[in-house]
Amino acid sequence: MKIVVDADACPKNVLLLCQKLGKPHHIPVWTVASFNHSIVSDYHHVVGSASQEADIKVVNLTEPGDIVITQDWGLAAMVLGKQARALSPAGREFSPDKIDFLLEEREAKAKLRRGGGRTKGPRKRTAEDDHSFEASLKRLLMINKGGETMSLALRVYFDFCCPYCYLAWGFMKKLKETTEIHDEWVTWEIHPELGPAGEYIENVVANVNLEERKLNLNRLGEPVGLTPGDHTFVPNTRLALEAVQFATEAGKMHEWIDAVYTANFVEGKNIGDQAVLAAIAAKIGLDTDGLSHALNTGRYTQVLLAHDRECMEKKLEWVPTVYAGEQKVLEGALAYSVFRDTLQSLK
């Protein structure tokens, strides 16, 4: 196998990461760019500047099992058709079940521009994008190496206000570095009684010992570098949970969940505030006007209620609760070792 980089618009850091991570695995990095780009690469292919020339070259070079780095959705679709894997410079893996939606979105935006309309350009690249790309490429290289890998389909019931769900999210991210997991996160509002302003944990949970709670939560988070015990505010999460569906339809479920967890537990923002949610949406490239309209009209309220009924029917008692198929495999407060070992036992 090899890594093939669509280098015309590839950030320099991404190319350097490909070379750095490919070397220990003895996996060559091939680059393709037009002649007016200066690329430092041991396996560089120069093409003309005509439209689609670089894309055609990438497709011709790609073989089953290769990893292709591109931000072009159309090119990603073509290499997926050749049984390769496609990864964006932001660390997002393109999947066959989502690529049709992305292509439809691209065509809709192109049609809008042809009609004189305007669409938002790409957001500024951040250090988080480099970290995300590095983690995703490490995972794909490990999978192709045939090492400590598996493929699981998991369904996780969660709420943004739950620190144990935040821990499960961090555990899942770490496990994905060496494991192929297809995870669906199902919204379940566990404190619908809270007002928009939210509350502090001592007003939500009776007789809570704040110091003991902090120590226990931060101890559980140590393996993945999380400190949820430092956070004692409990927000109203209804709108943030409804927005999960909006993000899912845009192919950004994981990006949304990660950004909301960061805003809540790391930045200490009130995710019950719609202005905070709009800022998160803008940061990850979601349509802020579309999200605002969806939340204000209650487009996804019935989805949230349906999930609540589903949880009642399953007689769930805790979040997070993790299902593998129809089997409940994990729930509640978990140590990373238990989370990891339980899921790896399902191989």
# chains A, B, ... in the order shown; residues from 1 in each chain; ligands from 1
$ residues_around --residues "region 240-243 of chain A" --least-positions-apart "2" --cutoff "7 Å" --atoms "only C-alpha atoms" --output "JSON, numbers by chain"
{"A": [187, 237, 238, 245, 246, 247, 271, 272, 277, 300, 301, 304]}
$ residues_around --residues "Lys314 (chain A)" --least-positions-apart "6" --cutoff "12 Å" --atoms "only C-alpha atoms" --output "list in words"
Tyr157, His307, Asp308, Thr321, Tyr323, Glu326, Gln327 and Lys328 of chain A
$ write_last_selection --atoms "C-alpha atoms" --output "JSON list (two decimals), in the first residue's frame"
[["chain", "number", "residue", "atom", "x", "y", "z"],
["A", 157, "TYR", "CA", -26.84, 6.71, 24.31],
["A", 307, "HIS", "CA", -35.10, 8.66, 21.48],
["A", 308, "ASP", "CA", -36.52, 9.19, 24.96],
["A", 321, "THR", "CA", -25.03, 3.12, 27.61],
["A", 323, "TYR", "CA", -24.85, -1.28, 22.52],
["A", 326, "GLU", "CA", -28.78, -5.68, 20.23],
["A", 327, "GLN", "CA", -26.42, -6.42, 23.10],
["A", 328, "LYS", "CA", -25.88, -3.89, 25.88]]
$ select_by_dssp --residues "region 124-308 of chain A" --states "strand (DSSP E)" --output "NGL selection string"
:A and (151-158 or 180-187 or 199-200 or 233-234)
$ write_last_selection --atoms "C-alpha atoms" --output "tab-separated table (two decimals), in the first residue's frame"
chain	number	residue	atom	x	y	z
A	151	SER	CA	-14.37	-3.31	13.15
A	152	LEU	CA	-17.32	-2.60	15.43
A	153	ALA	CA	-20.69	-1.00	14.99
A	154	LEU	CA	-21.67	0.67	18.25
A	155	ARG	CA	-24.67	2.70	19.39
A	156	VAL	CA	-24.03	5.04	22.34
A	157	TYR	CA	-26.84	6.71	24.31
A	158	PHE	CA	-25.59	9.98	25.79
A	180	GLU	CA	-11.88	0.75	13.38
A	181	ILE	CA	-15.15	1.70	15.05
A	182	HIS	CA	-18.40	2.86	13.48
A	183	ASP	CA	-20.13	4.66	16.33
A	184	GLU	CA	-23.56	6.26	16.33
A	185	TRP	CA	-24.31	8.59	19.24
A	186	VAL	CA	-27.98	8.64	20.23
A	187	THR	CA	-29.28	11.69	22.10
A	199	GLU	CA	-27.91	24.86	37.28
A	200	TYR	CA	-24.89	23.87	39.32
A	233	PHE	CA	-22.23	23.51	35.83
A	234	VAL	CA	-25.12	21.48	34.39
$ closest_residue --among "A:Val79, A:Pro163, A:Thr31, A:Thr262" --to "Lys214 (chain A)" --atoms "only C-alpha atoms"
A:Pro163
$ select_by_dssp --residues "region 131-321 of chain A" --states "alpha helix (DSSP H)" --output "PyMOL selection string"
chain A and resi 131-145+163-175+210-221+238-249+253-261+274-283+288-296+301-313
$ residues_around --residues "Thr227 (chain A)" --least-positions-apart "5" --cutoff "8 Å" --atoms "only C-alpha atoms" --output "list in words"
Leu217, Asn218, Gly221 and Glu222 of chain A
$ write_last_selection --atoms "C-alpha atoms" --output "PDB file, in the first residue's frame"
ATOM      1  CA  LEU A 217     -14.016  11.963  37.733  1.00  0.00           C
ATOM      2  CA  ASN A 218     -10.508  13.296  37.108  1.00  0.00           C
ATOM      3  CA  GLY A 221     -10.139  10.799  32.898  1.00  0.00           C
ATOM      4  CA  GLU A 222      -6.372  10.493  33.483  1.00  0.00           C
TER       5      GLU A 222
END
$ residues_around --residues "Ile27 (chain A)" --least-positions-apart "6" --cutoff "9 Å" --atoms "only C-alpha atoms" --output "JSON, numbers by chain"
{"A": [1, 2, 3, 19, 21, 141]}
$ write_last_selection --atoms "C-alpha atoms" --output "PDB file, in the first residue's frame"
ATOM      1  CA  MET A   1       0.000   0.000   0.000  1.00  0.00           C
ATOM      2  CA  LYS A   2       0.964   3.647  -0.283  1.00  0.00           C
ATOM      3  CA  ILE A   3      -0.256   7.091   0.706  1.00  0.00           C
ATOM      4  CA  GLN A  19       5.905  11.428   5.510  1.00  0.00           C
ATOM      5  CA  LEU A  21       3.915   8.575   9.942  1.00  0.00           C
ATOM      6  CA  LEU A 141      -2.085   2.893   9.035  1.00  0.00           C
TER       7      LEU A 141
END
$ closest_residue --among "A:Tyr164, A:Asp42, A:Gly225, A:Ala197" --to "Trp318 (chain A)" --atoms "only C-alpha atoms"
A:Tyr164
$ atom_distance --atom1 "CA of Pro89 (chain A)" --atom2 "CA of Tyr166 (chain A)"
25.5 Å
$ residues_around --residues "Ile284 (chain A)" --least-positions-apart "6" --cutoff "12 Å" --atoms "only C-alpha atoms" --output "number ranges by chain"
A: 90, 92, 120, 122-126, 128-129, 247, 250-260, 277-278
$ write_last_selection --atoms "N, CA and C atoms" --output "PDB file, in the first residue's frame"
ATOM      1  N   ALA A  90      -8.266  17.604   7.219  1.00  0.00           N
ATOM      2  CA  ALA A  90      -8.744  17.891   8.573  1.00  0.00           C
ATOM      3  C   ALA A  90      -8.943  16.626   9.398  1.00  0.00           C
ATOM      4  N   ARG A  92     -10.881  13.955   8.502  1.00  0.00           N
ATOM      5  CA  ARG A  92     -12.201  13.345   8.330  1.00  0.00           C
ATOM      6  C   ARG A  92     -12.122  12.241   7.283  1.00  0.00           C
ATOM      7  N   LYS A 120     -20.150  30.192   1.973  1.00  0.00           N
ATOM      8  CA  LYS A 120     -18.989  30.416   2.817  1.00  0.00           C
ATOM      9  C   LYS A 120     -17.790  29.621   2.323  1.00  0.00           C
ATOM     10  N   PRO A 122     -13.838  27.956   2.995  1.00  0.00           N
ATOM     11  CA  PRO A 122     -13.327  27.090   4.061  1.00  0.00           C
ATOM     12  C   PRO A 122     -12.841  27.907   5.248  1.00  0.00           C
ATOM     13  N   ARG A 123     -13.028  27.377   6.462  1.00  0.00           N
ATOM     14  CA  ARG A 123     -12.564  28.083   7.644  1.00  0.00           C
ATOM     15  C   ARG A 123     -11.044  27.982   7.747  1.00  0.00           C
ATOM     16  N   LYS A 124     -10.459  28.850   8.541  1.00  0.00           N
ATOM     17  CA  LYS A 124      -9.019  28.873   8.724  1.00  0.00           C
ATOM     18  C   LYS A 124      -8.563  27.594   9.414  1.00  0.00           C
ATOM     19  N   ARG A 125      -7.465  27.025   8.924  1.00  0.00           N
ATOM     20  CA  ARG A 125      -6.946  25.795   9.504  1.00  0.00           C
ATOM     21  C   ARG A 125      -6.388  26.066  10.894  1.00  0.00           C
ATOM     22  N   THR A 126      -6.584  25.111  11.806  1.00  0.00           N
ATOM     23  CA  THR A 126      -6.123  25.263  13.182  1.00  0.00           C
ATOM     24  C   THR A 126      -5.219  24.091  13.571  1.00  0.00           C
ATOM     25  N   GLU A 128      -5.863  22.082  15.871  1.00  0.00           N
ATOM     26  CA  GLU A 128      -6.749  20.950  16.116  1.00  0.00           C
ATOM     27  C   GLU A 128      -6.903  20.091  14.865  1.00  0.00           C
ATOM     28  N   ASP A 129      -6.885  20.747  13.691  1.00  0.00           N
ATOM     29  CA  ASP A 129      -6.988  19.994  12.436  1.00  0.00           C
ATOM     30  C   ASP A 129      -5.772  19.095  12.253  1.00  0.00           C
ATOM     31  N   ALA A 247     -26.423  18.260  12.503  1.00  0.00           N
ATOM     32  CA  ALA A 247     -25.033  17.996  12.140  1.00  0.00           C
ATOM     33  C   ALA A 247     -24.891  16.640  11.447  1.00  0.00           C
ATOM     34  N   ALA A 250     -25.657  16.792   7.911  1.00  0.00           N
ATOM     35  CA  ALA A 250     -24.596  17.486   7.172  1.00  0.00           C
ATOM     36  C   ALA A 250     -23.297  16.676   7.157  1.00  0.00           C
ATOM     37  N   GLY A 251     -23.344  15.440   7.684  1.00  0.00           N
ATOM     38  CA  GLY A 251     -22.152  14.606   7.706  1.00  0.00           C
ATOM     39  C   GLY A 251     -21.129  15.024   8.743  1.00  0.00           C
ATOM     40  N   LYS A 252     -21.586  15.731   9.813  1.00  0.00           N
ATOM     41  CA  LYS A 252     -20.638  16.251  10.807  1.00  0.00           C
ATOM     42  C   LYS A 252     -21.053  15.917  12.239  1.00  0.00           C
ATOM     43  N   MET A 253     -21.617  14.742  12.420  1.00  0.00           N
ATOM     44  CA  MET A 253     -22.047  14.359  13.760  1.00  0.00           C
ATOM     45  C   MET A 253     -20.878  14.353  14.746  1.00  0.00           C
ATOM     46  N   HIS A 254     -19.790  13.708  14.377  1.00  0.00           N
ATOM     47  CA  HIS A 254     -18.662  13.600  15.297  1.00  0.00           C
ATOM     48  C   HIS A 254     -18.018  14.951  15.564  1.00  0.00           C
ATOM     49  N   GLU A 255     -17.909  15.771  14.528  1.00  0.00           N
ATOM     50  CA  GLU A 255     -17.333  17.101  14.721  1.00  0.00           C
ATOM     51  C   GLU A 255     -18.176  17.930  15.685  1.00  0.00           C
ATOM     52  N   TRP A 256     -19.498  17.833  15.548  1.00  0.00           N
ATOM     53  CA  TRP A 256     -20.394  18.596  16.418  1.00  0.00           C
ATOM     54  C   TRP A 256     -20.281  18.124  17.867  1.00  0.00           C
ATOM     55  N   ILE A 257     -20.354  16.840  18.081  1.00  0.00           N
ATOM     56  CA  ILE A 257     -20.285  16.307  19.447  1.00  0.00           C
ATOM     57  C   ILE A 257     -18.962  16.700  20.093  1.00  0.00           C
ATOM     58  N   ASP A 258     -17.874  16.558  19.365  1.00  0.00           N
ATOM     59  CA  ASP A 258     -16.565  16.894  19.919  1.00  0.00           C
ATOM     60  C   ASP A 258     -16.482  18.376  20.284  1.00  0.00           C
ATOM     61  N   ALA A 259     -16.987  19.230  19.405  1.00  0.00           N
ATOM     62  CA  ALA A 259     -16.923  20.674  19.650  1.00  0.00           C
ATOM     63  C   ALA A 259     -17.816  21.094  20.816  1.00  0.00           C
ATOM     64  N   VAL A 260     -18.981  20.470  20.946  1.00  0.00           N
ATOM     65  CA  VAL A 260     -19.886  20.816  22.046  1.00  0.00           C
ATOM     66  C   VAL A 260     -19.299  20.346  23.379  1.00  0.00           C
ATOM     67  N   LEU A 277     -24.135  27.869  20.670  1.00  0.00           N
ATOM     68  CA  LEU A 277     -24.273  26.803  19.675  1.00  0.00           C
ATOM     69  C   LEU A 277     -24.017  27.328  18.270  1.00  0.00           C
ATOM     70  N   ALA A 278     -24.457  28.550  17.988  1.00  0.00           N
ATOM     71  CA  ALA A 278     -24.225  29.148  16.669  1.00  0.00           C
ATOM     72  C   ALA A 278     -22.727  29.341  16.429  1.00  0.00           C
TER      73      ALA A 278
END
$ closest_residue --among "A:Leu305, A:Thr179, A:Cys161, A:Val224" --to "Lys269 (chain A)" --atoms "only C-alpha atoms"
A:Cys161
$ closest_residue --among "A:Leu226, A:Leu80, A:Leu330, A:Leu239" --to "Leu291 (chain A)" --atoms "only C-alpha atoms"
A:Leu239
$ decode --residues "region 249-290 of chain A" --atoms "C-alpha atoms" --output "tab-separated table (two decimals), in the first residue's frame"
chain	number	residue	atom	x	y	z
A	249	GLU	CA	-27.54	15.28	8.17
A	250	ALA	CA	-24.60	17.49	7.17
A	251	GLY	CA	-22.15	14.61	7.71
A	252	LYS	CA	-20.64	16.25	10.81
A	253	MET	CA	-22.05	14.36	13.76
A	254	HIS	CA	-18.66	13.60	15.30
A	255	GLU	CA	-17.33	17.10	14.72
A	256	TRP	CA	-20.39	18.60	16.42
A	257	ILE	CA	-20.28	16.31	19.45
A	258	ASP	CA	-16.57	16.89	19.92
A	259	ALA	CA	-16.92	20.67	19.65
A	260	VAL	CA	-19.89	20.82	22.05
A	261	TYR	CA	-18.09	18.68	24.63
A	262	THR	CA	-15.06	20.96	24.36
A	263	ALA	CA	-17.20	24.08	24.79
A	264	ASN	CA	-18.93	22.61	27.83
A	265	PHE	CA	-16.22	20.78	29.76
A	266	VAL	CA	-13.05	22.57	28.63
A	267	GLU	CA	-14.08	26.14	27.83
A	268	GLY	CA	-16.84	26.32	30.44
A	269	LYS	CA	-19.43	27.79	28.08
A	270	ASN	CA	-23.18	27.44	28.56
A	271	ILE	CA	-24.20	25.14	25.73
A	272	GLY	CA	-27.82	25.84	26.58
A	273	ASP	CA	-27.28	29.30	25.04
A	274	GLN	CA	-28.23	29.29	21.37
A	275	ALA	CA	-25.60	31.94	20.60
A	276	VAL	CA	-22.92	29.56	21.91
A	277	LEU	CA	-24.27	26.80	19.68
A	278	ALA	CA	-24.23	29.15	16.67
A	279	ALA	CA	-20.56	29.94	17.33
A	280	ILE	CA	-19.75	26.23	17.54
A	281	ALA	CA	-21.60	25.61	14.28
A	282	ALA	CA	-19.63	28.36	12.54
A	283	LYS	CA	-16.37	26.94	13.86
A	284	ILE	CA	-16.93	23.51	12.33
A	285	GLY	CA	-18.43	24.81	9.10
A	286	LEU	CA	-22.14	24.16	9.65
A	287	ASP	CA	-24.80	26.41	8.17
A	288	THR	CA	-25.56	28.70	11.12
A	289	ASP	CA	-28.72	30.16	9.60
A	290	GLY	CA	-30.03	26.68	8.80
